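Structure record follows, encoded as structure tokens.
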Amino acid sequence: MSRTADQAARCRRIVHKALALVRPVFALELDGIHGVPHWSRVCRHGRFLAGELGLDPALTTWFAFLHDSRRRDDGHDPGHGRRGADFALRLWRAGSIEELDRRGFELLAEAIRWHSGGRTEGEPALLACWDADRLDLARLGIRPDPRKLATAPARRPEVIEAVVLRARRARDRQRHSARWW
């Protein structure tokens, strides 16, 4: 099996495990703006950025499913990063996040804790996580601003266009299906 195929299979296992751990404790709507569809897109963006930056996608995959997992509100929720990092620590101690070594977990916890702070400096793994989340601002009709993105791949015009187009298509599909119910 190639390294890429091995990483993809590993990430799929993480996704299934993370969903099983997060769904039961998530306080908001699973299909809401900070729920499963958002986590899935952040995962996709994170895996892309990890590949472009030569990083292990296991960290960005765990980030995708944990960063908003302890939100209590879809609006202003200043403590959700800290709560998410604390939740990740409980999972780490329980042996659930076995794909990351200690340093990888430390980066994951830092990425979760500070993901909504607007930071653009740090280790590449942190930046990939934060940009993966920021690229999904398009779901809210907010075009990602390349000046607020931390990695060169995320700032590429074609990447920003792709996430905006994907978000627009998703909103159109949602509106279309809502009309038929």
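Every chain in the structure tokens takes a letter, A first, then B, and so on in the order presented; its residues are numbered from 1, and the ligands are numbered from 1 following the presented order.
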### Query
Leaving out Phe65 of chain A and any residue of its chain fewer than 5 positions from it, which residues lie within 8 Å of it when counting only C-alpha atoms, given as a list in words?
Val15, Ala18, Leu19, Val22, Val36, Trp39, Ser40 and Cys43 of chain A
Keeping N, CA and C atoms, export the residues of the selection given above as an mmCIF file, in the first residue's frame.
```cif
data_model
loop_
_atom_site.group_PDB
_atom_site.id
_atom_site.type_symbol
_atom_site.label_atom_id
_atom_site.label_comp_id
_atom_site.auth_asym_id
_atom_site.auth_seq_id
_atom_site.Cartn_x
_atom_site.Cartn_y
_atom_site.Cartn_z
ATOM 1 N N VAL A 15 -11.748 9.371 11.410
ATOM 2 C CA VAL A 15 -13.060 10.006 11.225
ATOM 3 C C VAL A 15 -14.137 9.184 11.913
ATOM 4 N N ALA A 18 -13.625 9.422 15.711
ATOM 5 C CA ALA A 18 -13.940 10.761 16.219
ATOM 6 C C ALA A 18 -15.445 10.996 16.233
ATOM 7 N N LEU A 19 -16.127 10.609 15.177
ATOM 8 C CA LEU A 19 -17.587 10.790 15.151
ATOM 9 C C LEU A 19 -18.258 9.998 16.266
ATOM 10 N N VAL A 22 -17.575 12.049 19.484
ATOM 11 C CA VAL A 22 -18.066 13.425 19.571
ATOM 12 C C VAL A 22 -19.586 13.520 19.462
ATOM 13 N N VAL A 36 -21.433 18.298 11.933
ATOM 14 C CA VAL A 36 -20.782 17.296 11.085
ATOM 15 C C VAL A 36 -20.427 17.820 9.689
ATOM 16 N N TRP A 39 -17.346 19.933 10.173
ATOM 17 C CA TRP A 39 -16.187 19.116 10.528
ATOM 18 C C TRP A 39 -15.657 18.371 9.305
ATOM 19 N N SER A 40 -16.574 17.888 8.472
ATOM 20 C CA SER A 40 -16.165 17.131 7.285
ATOM 21 C C SER A 40 -15.404 18.009 6.299
ATOM 22 N N CYS A 43 -12.021 18.772 7.668
ATOM 23 C CA CYS A 43 -11.195 17.580 7.477
ATOM 24 C C CYS A 43 -10.639 17.554 6.053
#
```
### Task
Could you give me, as a PyMOL selection string, the residues within 10 Å of Arg47 of chain A, counting only C-alpha atoms and dropping anything in the same chain fewer than 3 positions from it?
chain A and resi 7-8+11+41-44+50-53+55-61+64+128-129+132
Would you put the residues from that selection into a file with C-alpha atoms, as a short mmCIF file (atom, residue, chain, number, x, y, z; two decimals), in the first residue's frame?
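Listing of selection.cif after writing:
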```
data_model
loop_
_atom_site.label_atom_id
_atom_site.label_comp_id
_atom_site.auth_asym_id
_atom_site.auth_seq_id
_atom_site.Cartn_x
_atom_site.Cartn_y
_atom_site.Cartn_z
CA GLN A 7 -2.64 7.82 5.26
CA ALA A 8 -6.11 7.94 3.68
CA CYS A 11 -7.71 9.16 8.35
CA ARG A 41 -15.16 20.14 5.20
CA VAL A 42 -12.47 21.16 7.71
CA CYS A 43 -11.20 17.58 7.48
CA ARG A 44 -11.06 17.81 3.69
CA ALA A 50 -1.26 18.53 5.24
CA GLY A 51 -0.43 17.03 1.85
CA GLU A 52 0.74 20.34 0.45
CA LEU A 53 2.89 21.06 3.51
CA LEU A 55 2.48 17.03 7.34
CA ASP A 56 0.84 14.01 8.90
CA PRO A 57 -2.89 14.35 8.13
CA ALA A 58 -3.80 12.49 11.33
CA LEU A 59 -3.39 15.73 13.30
CA THR A 60 -5.55 17.83 10.96
CA THR A 61 -8.16 15.05 10.89
CA ALA A 64 -11.44 18.81 12.26
CA ALA A 128 -2.71 23.99 8.63
CA CYS A 129 -5.38 23.32 11.26
CA ALA A 132 -8.53 24.39 7.34
#
```
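Closest approach to Gly35 of chain A among A:Arg171, A:Val159, A:Ser2, A:Asp68: A:Asp68, based on only C-alpha atoms.
As for atom CA of Leu149 of chain A and atom CA of Gly81 of chain A, they are spaced 18.7 Å apart.
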### Task
Determine, counting only C-alpha atoms, which protein, DNA and RNA residues have an atom within 9 Å of an atom of Asp136 of chain A; residues of the same chain fewer than 6 positions away are not included. Present the result as a list in words.
His38, Arg41, Val42, His45, Ile142, Arg143, Pro144, Val163, Val164 and Ala167 of chain A
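Each of A:Leu28, A:Ala154, A:Leu107, A:Leu21 was checked against Phe87 of chain A using only C-alpha atoms; the smallest atom-to-atom distance is that of A:Leu21.
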### Closest of A:Gly117, A:Asp74, A:Ala125, A:Leu165 to Phe105 of chain A - atom-to-atom distances counting only C-alpha atoms
A:Ala125
### Query
Looking at A:Arg155, A:His67, A:Arg113, A:Arg102, which one is nearest to Arg82 of chain A, with distances taken over only C-alpha atoms?
A:Arg113
